[in-house]
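Undergrad: Input structure28.txt, format and content: compact mmCIF, C-alpha atoms.
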```txt
# COMPACT_ATOMS: atom_id res chain seq x y z
CA MET X 126 -10.28 -24.82 -8.30
CA PRO X 127 -13.86 -24.91 -9.70
CA SER X 128 -14.54 -24.76 -13.42
CA VAL X 129 -14.21 -21.31 -14.97
CA PRO X 130 -16.85 -19.95 -17.39
CA ARG X 131 -15.91 -19.44 -21.02
CA PRO X 132 -13.72 -16.29 -21.29
CA ALA X 133 -15.50 -13.16 -22.48
CA THR X 134 -12.46 -11.99 -24.45
CA GLU X 135 -8.79 -12.64 -25.05
CA LEU X 136 -6.20 -10.02 -24.18
CA THR X 137 -2.62 -9.72 -25.33
CA ALA X 138 0.07 -9.39 -22.69
CA ASP X 139 0.47 -5.72 -23.66
CA ASP X 140 -3.29 -5.17 -23.33
CA ALA X 141 -3.15 -6.58 -19.80
CA ARG X 142 -0.13 -4.46 -18.89
CA ARG X 143 -1.80 -1.24 -20.04
CA ILE X 144 -5.09 -2.16 -18.36
CA ALA X 145 -3.21 -2.76 -15.10
CA LEU X 146 -1.38 0.56 -15.37
CA ARG X 147 -4.61 2.48 -15.98
CA ALA X 148 -6.38 0.66 -13.16
CA GLN X 149 -3.56 1.67 -10.83
CA GLY X 150 -3.73 5.34 -11.86
CA LEU X 151 -0.39 5.32 -13.70
CA LEU X 152 -1.66 5.72 -17.26
CA GLY X 153 -3.72 8.67 -18.37
CA VAL X 154 -4.44 12.06 -16.85
CA PRO X 155 -4.37 11.93 -13.03
CA ASP X 156 -7.43 13.18 -11.17
CA ARG X 157 -5.73 15.97 -9.25
CA ARG X 158 -9.04 17.39 -8.02
CA ALA X 159 -9.73 14.20 -6.08
CA GLY X 160 -6.16 14.31 -4.74
CA VAL X 161 -4.82 11.86 -2.19
CA ARG X 162 -8.27 10.75 -1.10
CA GLY X 163 -9.09 9.98 -4.70
CA VAL X 164 -5.95 7.85 -5.01
CA LEU X 165 -6.90 5.92 -1.88
CA ARG X 166 -10.41 5.25 -3.10
CA HIS X 167 -9.17 4.31 -6.57
CA LEU X 168 -6.61 1.83 -5.24
CA GLY X 169 -8.79 0.56 -2.41
CA ALA X 170 -5.78 0.07 -0.13
CA VAL X 171 -2.51 1.92 0.52
CA GLN X 172 0.11 -0.11 2.33
CA LEU X 173 1.87 1.31 5.38
CA ASP X 174 5.44 0.61 6.40
CA THR X 175 7.85 1.95 8.99
CA ILE X 176 10.75 2.47 6.55
CA SER X 177 11.35 6.09 5.56
CA VAL X 178 14.14 6.79 3.07
CA LEU X 179 12.82 9.45 0.71
CA ALA X 180 9.45 9.39 2.47
CA ARG X 181 7.15 6.79 3.94
CA SER X 182 5.41 4.44 1.57
CA HIS X 183 1.94 5.90 2.08
CA GLU X 184 3.38 9.23 0.87
CA LEU X 185 5.26 7.70 -2.06
CA ILE X 186 2.16 6.02 -3.46
CA PRO X 187 0.11 9.19 -4.15
CA TYR X 188 3.32 10.97 -5.22
CA ALA X 189 3.86 8.33 -7.93
CA ARG X 190 0.41 9.13 -9.35
CA LEU X 191 -0.06 12.83 -8.69
CA GLY X 192 3.46 14.22 -8.73
CA ALA X 193 4.91 16.65 -6.21
CA ILE X 194 2.04 16.98 -3.75
CA GLY X 195 2.68 18.58 -0.37
CA ARG X 196 3.83 15.91 2.05
CA LYS X 197 2.01 17.44 5.03
CA ALA X 198 -1.17 17.43 2.98
CA VAL X 199 -0.93 13.68 2.50
CA ASP X 200 -1.48 12.80 6.16
CA ALA X 201 -4.18 15.45 6.43
CA ALA X 202 -5.98 13.81 3.52
CA TYR X 203 -5.92 10.38 5.12
CA TRP X 204 -6.62 11.43 8.69
CA THR X 205 -8.73 14.57 9.01
CA PRO X 206 -7.33 16.52 11.98
CA LYS X 207 -9.73 17.80 14.57
CA PRO X 208 -10.03 21.61 14.43
CA ASP X 209 -9.45 23.37 17.73
CA GLY X 210 -12.58 24.17 19.65
CA THR X 211 -14.89 21.95 17.62
CA ALA X 212 -16.30 18.47 17.99
CA GLY X 213 -13.96 17.34 15.22
CA ALA X 214 -14.37 15.71 11.84
CA ARG X 215 -14.05 11.98 11.32
CA PRO X 216 -11.22 10.41 9.34
CA HIS X 217 -11.47 9.62 5.66
CA ALA X 218 -9.50 6.40 6.18
CA PHE X 219 -8.96 3.70 8.73
CA GLU X 220 -6.04 1.36 9.31
CA TYR X 221 -6.61 -2.34 9.12
CA TRP X 222 -5.19 -5.63 7.93
CA SER X 223 -5.76 -5.93 4.19
CA HIS X 224 -2.87 -6.77 1.86
CA ALA X 225 -0.78 -5.99 4.95
CA ALA X 226 -1.21 -3.11 7.39
CA CYS X 227 -3.05 -0.69 5.09
CA LEU X 228 -4.98 2.52 4.95
CA LEU X 229 -8.48 1.83 3.66
CA PRO X 230 -11.32 4.17 2.66
CA ILE X 231 -13.58 4.67 5.64
CA GLU X 232 -16.64 3.65 3.59
CA GLU X 233 -15.21 0.13 3.34
CA TRP X 234 -15.43 -0.40 7.11
CA PRO X 235 -18.55 -2.62 6.84
CA HIS X 236 -16.86 -4.88 4.28
CA PHE X 237 -14.13 -5.93 6.70
CA ALA X 238 -16.69 -7.31 9.15
CA PHE X 239 -15.76 -10.85 8.04
CA ARG X 240 -12.17 -10.27 9.16
CA ARG X 241 -13.15 -8.65 12.47
CA ARG X 242 -15.37 -11.64 13.20
CA ALA X 243 -12.51 -14.01 12.37
CA TYR X 244 -10.19 -12.18 14.75
CA ARG X 245 -12.76 -12.26 17.54
CA ALA X 246 -13.08 -16.03 17.07
CA ARG X 247 -9.32 -16.58 16.98
CA PRO X 248 -8.37 -19.21 19.56
CA HIS X 249 -4.76 -18.14 20.16
CA TRP X 250 -2.54 -15.08 19.87
CA ASN X 251 1.20 -14.49 19.81
CA HIS X 252 0.99 -12.01 22.70
CA PRO X 253 -0.82 -12.98 25.93
CA LEU X 254 -3.40 -10.53 27.23
CA PRO X 255 -3.28 -9.89 31.00
CA ASP X 256 -6.59 -10.09 32.84
CA GLY X 257 -8.55 -6.85 33.02
CA VAL X 258 -6.24 -4.80 30.76
CA TYR X 259 -8.53 -4.86 27.72
CA ASP X 260 -11.48 -3.40 29.65
CA GLN X 261 -9.19 -0.82 31.28
CA VAL X 262 -7.90 0.39 27.89
CA VAL X 263 -11.42 0.76 26.50
CA LYS X 264 -12.50 2.59 29.66
CA GLN X 265 -9.55 4.99 29.45
CA LEU X 266 -10.20 5.76 25.77
CA ARG X 267 -13.86 6.39 26.54
CA ALA X 268 -12.96 8.81 29.32
CA GLU X 269 -9.97 10.61 27.81
CA GLY X 270 -10.44 10.49 24.05
CA PRO X 271 -7.79 9.69 21.40
CA LEU X 272 -4.56 8.35 22.92
CA THR X 273 -1.33 6.64 21.83
CA ALA X 274 -0.16 3.40 23.40
CA THR X 275 2.34 5.51 25.36
CA ASP X 276 -0.50 7.67 26.68
CA LEU X 277 -2.32 4.50 27.69
CA GLY X 278 0.58 3.37 29.84
CA GLY X 279 3.43 2.38 27.55
CA ALA X 280 3.86 0.33 24.38
CA LYS X 281 6.73 -1.97 25.42
CA ARG X 282 7.88 -3.96 28.42
CA THR X 283 11.53 -3.79 27.31
CA SER X 284 13.48 -2.06 24.53
CA GLU X 285 12.88 -4.97 22.14
CA TRP X 286 10.40 -3.95 19.40
CA TRP X 287 8.41 -7.17 19.71
CA ASP X 288 8.09 -7.15 23.51
CA TRP X 289 4.72 -5.41 23.79
CA SER X 290 3.27 -4.28 27.08
CA GLY X 291 -0.11 -5.59 28.19
CA THR X 292 -1.59 -2.21 27.26
CA LYS X 293 -0.23 -2.40 23.72
CA VAL X 294 -1.51 -5.97 23.34
CA ALA X 295 -4.95 -4.89 24.52
CA VAL X 296 -5.32 -1.84 22.30
CA GLU X 297 -4.06 -3.70 19.22
CA ARG X 298 -6.49 -6.53 19.98
CA ALA X 299 -9.28 -3.95 20.27
CA LEU X 300 -8.24 -2.52 16.90
CA MET X 301 -8.41 -5.96 15.27
CA TYR X 302 -11.81 -6.61 16.85
CA GLY X 303 -13.11 -3.27 15.56
CA GLU X 304 -13.83 -1.73 18.96
CA VAL X 305 -10.96 0.73 18.47
CA VAL X 306 -9.71 2.51 15.36
CA CYS X 307 -6.53 4.45 14.54
CA VAL X 308 -7.61 8.03 13.86
CA GLU X 309 -4.19 9.45 12.94
CA ARG X 310 -0.44 8.91 13.20
CA ARG X 311 1.57 11.13 15.54
CA GLY X 312 5.32 10.74 15.13
CA TRP X 313 4.45 7.44 13.46
CA LYS X 314 2.65 6.29 16.59
CA ARG X 315 -0.92 5.18 16.19
CA VAL X 316 -3.49 7.40 17.89
CA TYR X 317 -6.40 5.22 19.01
CA ASP X 318 -10.01 6.14 19.63
CA LEU X 319 -13.23 4.21 20.07
CA ALA X 320 -14.72 3.17 16.74
CA GLU X 321 -18.12 4.44 17.90
CA ARG X 322 -16.69 7.98 17.92
CA ALA X 323 -14.45 7.76 14.84
CA VAL X 324 -16.49 5.77 12.33
CA PRO X 325 -19.59 7.46 10.87
CA THR X 326 -22.72 6.02 12.45
CA ALA X 327 -24.14 4.74 9.15
CA LEU X 328 -20.99 2.65 8.59
CA LEU X 329 -20.47 1.39 12.14
CA HIS X 330 -21.92 -2.09 11.90
CA ASP X 331 -21.01 -5.70 11.22
CA GLU X 332 -24.32 -6.55 9.58
CA LEU X 333 -22.92 -7.84 6.27
CA ASP X 334 -22.38 -11.57 6.12
CA ASP X 335 -19.08 -13.08 5.00
CA THR X 336 -20.29 -13.72 1.46
CA GLU X 337 -21.32 -10.11 0.90
CA CYS X 338 -18.03 -8.83 2.36
CA LEU X 339 -15.96 -11.15 0.19
CA ARG X 340 -17.95 -10.35 -2.94
CA ARG X 341 -17.30 -6.66 -2.41
CA LEU X 342 -13.56 -7.10 -1.79
CA VAL X 343 -13.14 -9.35 -4.82
CA ARG X 344 -14.96 -6.75 -6.93
CA LEU X 345 -12.77 -3.96 -5.53
CA ALA X 346 -9.61 -5.95 -6.15
CA GLY X 347 -10.63 -6.57 -9.75
CA HIS X 348 -11.32 -2.87 -10.22
CA SER X 349 -7.96 -1.88 -8.73
CA LEU X 350 -6.03 -4.48 -10.72
CA GLY X 351 -7.92 -4.08 -13.98
CA VAL X 352 -7.22 -7.70 -14.79
CA GLY X 353 -5.82 -10.47 -12.63
CA THR X 354 -5.60 -14.18 -11.95
CA ARG X 355 -7.32 -15.78 -8.99
CA GLY X 356 -4.04 -15.47 -7.09
CA ASP X 357 -3.71 -11.77 -7.96
CA ILE X 358 -7.25 -11.04 -6.79
CA ALA X 359 -6.87 -13.04 -3.58
CA ASP X 360 -3.56 -11.37 -2.75
CA TYR X 361 -4.89 -7.82 -3.02
CA HIS X 362 -6.75 -8.01 0.29
CA ARG X 363 -5.10 -11.27 1.40
CA LEU X 364 -8.13 -13.48 0.92
CA LYS X 365 -7.95 -17.24 0.65
CA ALA X 366 -8.19 -18.75 -2.82
CA GLU X 367 -11.34 -20.64 -1.86
CA GLN X 368 -12.92 -17.39 -0.66
CA VAL X 369 -12.36 -15.89 -4.12
CA ASP X 370 -13.71 -19.02 -5.79
CA ALA X 371 -16.89 -18.83 -3.72
CA VAL X 372 -17.89 -15.35 -4.89
CA VAL X 373 -16.04 -14.42 -8.10
CA ALA X 374 -18.88 -15.59 -10.36
CA ASP X 375 -21.23 -13.11 -8.63
CA SER X 376 -18.71 -10.30 -8.19
CA GLY X 377 -19.33 -8.55 -11.50
CA LEU X 378 -15.87 -9.44 -12.85
CA VAL X 379 -15.74 -11.17 -16.23
CA PRO X 380 -13.54 -14.15 -17.16
CA VAL X 381 -10.81 -13.44 -19.75
CA THR X 382 -7.68 -15.08 -21.06
CA VAL X 383 -4.37 -13.28 -21.31
CA GLN X 384 -1.79 -14.49 -23.79
CA GLY X 385 1.21 -15.96 -22.02
CA TRP X 386 -0.30 -16.01 -18.54
CA GLY X 387 -1.19 -19.69 -18.56
CA LYS X 388 -3.89 -19.22 -15.92
CA PRO X 389 -7.54 -18.11 -16.05
CA ALA X 390 -8.07 -14.45 -15.31
CA TRP X 391 -10.87 -12.03 -14.52
CA ALA X 392 -11.23 -8.40 -15.55
CA ASP X 393 -13.16 -5.36 -14.49
CA PRO X 394 -15.76 -5.01 -17.29
CA ALA X 395 -15.30 -1.22 -17.26
CA ALA X 396 -11.60 -1.75 -18.01
CA LEU X 397 -12.52 -3.60 -21.22
CA GLU X 398 -14.87 -0.92 -22.56
CA THR X 399 -12.21 1.47 -23.90
CA PRO X 400 -8.59 0.95 -24.93
CA PRO X 401 -6.17 2.14 -22.23
CA ARG X 402 -4.38 5.19 -23.63
CA GLY X 403 -2.79 8.33 -22.28
CA ARG X 404 0.32 9.76 -20.71
CA HIS X 405 2.59 7.41 -18.80
CA ARG X 406 4.05 8.47 -15.47
CA THR X 407 7.84 8.46 -15.06
CA THR X 408 8.51 7.92 -11.39
CA LEU X 409 10.21 5.99 -8.63
CA LEU X 410 7.91 3.40 -7.07
CA SER X 411 7.76 2.34 -3.46
CA PRO X 412 8.45 -1.40 -3.13
CA PHE X 413 5.09 -1.47 -1.31
CA ASP X 414 3.20 0.12 -4.23
CA SER X 415 0.17 -1.95 -5.18
CA LEU X 416 1.31 -1.97 -8.83
CA ILE X 417 4.24 -4.20 -7.86
CA TRP X 418 3.66 -5.53 -4.35
CA GLU X 419 2.95 -9.06 -5.60
CA ARG X 420 6.20 -10.44 -7.04
CA ALA X 421 4.73 -13.17 -9.27
CA ARG X 422 2.33 -10.68 -10.89
CA THR X 423 5.13 -8.13 -11.38
CA GLU X 424 7.26 -10.74 -13.13
CA ARG X 425 4.33 -11.88 -15.28
CA ILE X 426 3.27 -8.38 -16.37
CA PHE X 427 6.58 -6.53 -16.56
CA GLY X 428 9.19 -9.28 -16.82
CA PHE X 429 10.80 -7.64 -13.80
CA THR X 430 12.00 -9.49 -10.72
CA HIS X 431 12.00 -7.39 -7.59
CA ARG X 432 12.64 -8.15 -3.95
CA LEU X 433 12.73 -5.80 -0.99
CA GLU X 434 16.16 -6.27 0.58
CA ALA X 435 15.77 -4.08 3.68
CA TYR X 436 15.60 -7.19 5.84
CA VAL X 437 18.37 -9.02 3.99
CA PRO X 438 21.86 -8.91 5.57
CA LYS X 439 23.83 -6.08 3.97
CA GLN X 440 26.48 -8.37 2.49
CA LYS X 441 23.81 -10.40 0.70
CA ARG X 442 21.93 -7.48 -0.89
CA VAL X 443 21.96 -7.32 -4.68
CA HIS X 444 20.20 -4.03 -5.40
CA GLY X 445 20.30 -2.22 -2.06
CA TYR X 446 18.40 -1.54 1.15
CA PHE X 447 15.29 0.12 -0.33
CA ALA X 448 15.66 -0.31 -4.08
CA MET X 449 12.83 1.53 -5.84
CA PRO X 450 11.79 0.38 -9.33
CA VAL X 451 11.69 3.08 -12.00
CA LEU X 452 8.50 3.24 -14.05
CA ALA X 453 8.73 4.91 -17.47
CA GLY X 454 6.77 4.46 -20.68
CA GLY X 455 4.60 1.89 -18.96
CA ARG X 456 7.54 -0.40 -18.20
CA LEU X 457 9.94 -0.98 -15.33
CA VAL X 458 13.26 0.23 -16.72
CA GLY X 459 15.58 0.10 -13.72
CA ARG X 460 15.86 0.61 -10.00
CA VAL X 461 17.45 3.05 -7.59
CA ASP X 462 18.48 2.55 -3.96
CA PRO X 463 18.14 6.10 -2.58
CA ALA X 464 19.34 7.87 0.54
CA ARG X 465 19.38 11.45 1.75
CA GLU X 466 22.44 13.31 2.99
CA GLY X 467 21.56 16.86 3.92
CA ARG X 468 20.11 18.51 0.81
CA ALA X 469 21.41 15.79 -1.50
CA LEU X 470 19.53 12.80 -2.80
CA VAL X 471 22.12 10.04 -3.09
CA ALA X 472 21.56 7.22 -5.56
CA LYS X 473 23.62 4.67 -3.69
CA GLN X 474 23.10 1.99 -6.33
CA VAL X 475 21.45 2.20 -9.74
CA SER X 476 20.63 -0.40 -12.35
CA VAL X 477 19.08 0.43 -15.72
CA ASP X 478 17.71 -1.58 -18.61
CA GLY X 479 20.25 -0.33 -21.13
CA PRO X 480 21.36 3.15 -22.28
CA GLY X 481 17.88 4.10 -23.48
CA ALA X 482 16.59 4.05 -19.89
CA VAL X 483 19.12 6.58 -18.59
CA PRO X 484 17.08 9.75 -19.36
CA ALA X 485 14.01 8.31 -17.64
CA VAL X 486 15.99 7.35 -14.53
CA ALA X 487 17.49 10.85 -14.45
CA GLN X 488 14.02 12.40 -14.72
CA ALA X 489 12.66 10.22 -11.92
CA LEU X 490 15.61 11.13 -9.68
CA ARG X 491 15.29 14.87 -10.38
CA GLU X 492 11.58 14.93 -9.65
CA ALA X 493 11.94 12.90 -6.46
CA ALA X 494 14.78 15.15 -5.27
CA ALA X 495 12.71 18.29 -5.81
CA TRP X 496 9.74 16.75 -4.00
CA VAL X 497 11.77 16.06 -0.84
CA ASP X 498 13.53 19.46 -1.00
CA CYS X 499 16.91 18.17 -2.17
CA THR X 500 18.91 20.51 -4.38
CA ASP X 501 21.45 17.99 -5.62
CA VAL X 502 21.50 14.40 -6.88
CA ARG X 503 24.62 12.30 -6.49
CA VAL X 504 25.20 8.91 -8.08
CA GLU X 505 27.46 6.58 -6.11
CA ARG X 506 27.40 3.36 -8.05
CA MET X 507 25.80 1.77 -11.11
CA ASP X 508 25.65 -1.90 -11.94
CA ASP X 509 26.91 -0.92 -15.40
CA PRO X 510 29.79 1.51 -14.67
CA ASP X 511 29.90 2.59 -18.34
CA LEU X 512 26.46 4.17 -17.95
CA ARG X 513 27.25 6.09 -14.79
CA GLU X 514 28.83 8.98 -16.68
CA ALA X 515 25.79 9.20 -18.98
CA LEU X 516 23.45 9.38 -15.98
CA VAL X 517 25.60 12.02 -14.28
CA ARG X 518 25.55 14.11 -17.49
CA GLU X 519 21.76 13.84 -17.75
CA LEU X 520 21.37 14.96 -14.16
CA ALA X 521 23.83 17.84 -14.50
CA HIS X 522 22.13 19.07 -17.68
CA ALA X 523 18.73 19.08 -16.00
CA LEU X 524 19.88 20.70 -12.77
CA ASN X 525 21.66 23.59 -14.51
```
Would you write the structure of this file as structure tokens?

TA:
Amino acid sequence: MPSVPRPATELTADDARRIALRAQGLLGVPDRRAGVRGVLRHLGAVQLDTISVLARSHELIPYARLGAIGRKAVDAAYWTPKPDGTAGARPHAFEYWSHAACLLPIEEWPHFAFRRRAYRARPHWNHPLPDGVYDQVVKQLRAEGPLTATDLGGAKRTSEWWDWSGTKVAVERALMYGEVVCVERRGWKRVYDLAERAVPTALLHDELDDTECLRRLVRLAGHSLGVGTRGDIADYHRLKAEQVDAVVADSGLVPVTVQGWGKPAWADPAALETPPRGRHRTTLLSPFDSLIWERARTERIFGFTHRLEAYVPKQKRVHGYFAMPVLAGGRLVGRVDPAREGRALVAKQVSVDGPGAVPAVAQALREAAAWVDCTDVRVERMDDPDLREALVRELAHALN
């Protein structure tokens, strides 16, 4: 790691925590006028995932910041539907590989040119591409317009999820190269179209060199994090550490120290101008929320260890299939593994950070239940059985 300039300021651990919360839109008055699109632009990336318990992760992330927004309106905000009988509007977002598979603001398309170039130069792939299929897929999209992989001829060769057909391999390769873009999700299937039709003309280019792309993404990561170490900044859009090192000095971020972090850090200068104050959100968080998606950072900032256990064998799970951390008062005060049974939200497993956290967990459960049209909340099990009755009382009092 190259030498780091003298820090501009020193932050306490609490300063850094509040700066991070404000940067992530979870401290202060939410910008409801900007809505879901505003959340996406503020965060810079919203992670996608196939798991749907209360809702899919890309719905949970704006919910955590804006409250009970209409779920149908979320997808409409990301992917502008084409009105009948018109040429159609272009999407406000595109899907690409960032922190993981993410929704990204459409205006950031040029800044992922470095990654598209890297994919085009990639010497090997996990899935072989049959001869002629790539050109056929592009030709079919050009002739017929937006299509799913099924429309293009089928997504799989067998029932195994990983056994892609040649068509699916081709269209996903075209998406990574930037020749194709996902313009919406239909039943959670990607709907593909040619980038030349979907991306605004002024943005449809790969003219920016790698340095300019990386400088922009490092700057965006710093803005979305508020303050972060080199590892935090690199992880946000899954850059390499040396890529961050090459551009961070010219990114506009300023070096700082944070008490207790033990590593150099950089901050968004705008985040240092005013003390972070305002109302804290009380909410359930998706495990894929950018506030907590990096485990080392979550432990450093909140003293909270979290692991998604959906892919852990059931008998080895500690907190449950899709345990959602509970944010309250600017801290992570517990977690809930939710499920839905009819009109009931079932808290299959709950852990709380002592009796004082029970009211906040109850509030988070009530609000989530109302958002997904559940009329009842049922608690199955708590790590501390003595607190289960207190949580049930809080819920019953609120629901009556």

Undergrad: Go through region 446-480 of chain X and flag each residue having an atom no more than 12 Å from region 390-404 of chain X; for those, report the closest pair of atoms plus their distance in Å to one decimal, using all atoms listed in the file, ordered by chain and rising number, as JSON lines.

TA:
```
{"residue": "X:Ala453", "atom": "CA", "partner": "X:Arg404", "partner_atom": "CA", "distance": 10.2}
{"residue": "X:Gly454", "atom": "CA", "partner": "X:Arg404", "partner_atom": "CA", "distance": 8.3}
{"residue": "X:Gly455", "atom": "CA", "partner": "X:Arg404", "partner_atom": "CA", "distance": 9.1}
```

Undergrad: Smallest atom-to-atom distance to Lys365 (chain X): which of X:Ala180, X:Leu339, X:Ala246, X:Ala170, using all atoms listed in the file?

TA: X:Leu339

Undergrad: Report, in Å with one decimal, the straight-line distance from CA of Val352 (chain X) to CA of Phe239 (chain X).

TA: 24.6 Å

Undergrad: Measuring between all atoms listed in the file, which one of X:Leu146, X:Tyr203, X:Phe427, X:Ala238 shows the shortest distance to Gly163 (chain X)?

TA: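 Smallest separation from Gly163 (chain X) among the options: X:Tyr203.
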
Undergrad: Just the number, please: distance in Å from CA of Lys264 (chain X) to CA of Trp250 (chain X), one decimal.

TA: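 Interatomic distance, CA of Lys264 (chain X) to CA of Trp250 (chain X): 22.5 Å.
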
Undergrad: Give the answer as one residue: which of X:Val369, X:Cys499, X:Leu173, X:Leu457 has the shortest atom-to-atom distance to Glu424 (chain X), using only C-alpha atoms?

TA: X:Leu457

Undergrad: Could you tell me how far CA of Lys441 (chain X) sits from CA of Met507 (chain X), in Å to one decimal place?

TA: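 A separation of 17.1 Å between them.
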
Undergrad: Excluding Leu416 (chain X) and residues on its chain fewer than 5 positions from it, collect all residues at most 10 Å away from it, counting only C-alpha atoms, and give them as an NGL selection string.

TA: :X and (145-146 or 148-151 or 168 or 186 or 349-350 or 410-411 or 422-423)

Undergrad: Within 8 Å of Asp508 (chain X), counting only C-alpha atoms, which residues show up once you throw out same-chain ones fewer than 4 positions away? Write them as a compact mmCIF listing (two decimals) with C-alpha atoms, in the coordinates of the input, please.

TA:
```txt
# COMPACT_ATOMS: atom_id res chain seq x y z
CA GLN X 474 23.10 1.99 -6.33
CA VAL X 475 21.45 2.20 -9.74
CA SER X 476 20.63 -0.40 -12.35
CA VAL X 477 19.08 0.43 -15.72
```

Undergrad: With a distance cut-off of 9 Å and all atoms listed in the file, select the neighbouring residues of Thr408 (chain X), excluding the residue or stretch itself and same-chain residues fewer than 6 positions from it, and output the selection as JSON, numbers by chain.

TA: {"X": [188, 189, 190, 192, 450, 451, 452, 453, 485, 486, 488, 489, 490, 492, 493]}

Undergrad: Could you check which residues have any atom within 12 Å of (-4.7, 10.2, 22.7), counting all atoms listed in the file with coordinates taken straight from the file, and then list them as a PyMOL selection string?

TA: chain X and resi 262+265-278+306-311+314-319

Undergrad: Can you work out which one of X:His522, X:His236, X:Arg158, X:Arg456 has the shortest atom-to-atom distance to Ile426 (chain X), counting only C-alpha atoms?

TA: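 Closest candidate: X:Arg456.
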
Undergrad: Which residue out of X:Val461, X:Val502, X:Leu136, X:Leu191 has the minimum interatomic distance to Arg157 (chain X) when all atoms listed in the file are used?

TA: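 Of the candidates, the smallest distance to Arg157 (chain X) is held by X:Leu191.
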
Undergrad: Residues at most 7 Å from Ala133 (chain X), counting only C-alpha atoms, excluding those fewer than 3 positions away in the same chain, as a ChimeraX atom specification?

TA: /X:379-381

Undergrad: Excluding Glu232 (chain X) and residues on its chain fewer than 5 positions from it, collect all residues at most 10 Å away from it, counting all atoms listed in the file, and give them as JSON, numbers by chain.

TA: {"X": [166, 217, 218, 219, 324, 325, 327, 328, 329]}

Undergrad: Go through X:Pro510, X:Gly445, X:Pro253, X:Pro187 and flag the residue nearest Leu409 (chain X), using only C-alpha atoms for the distances.

TA: X:Pro187
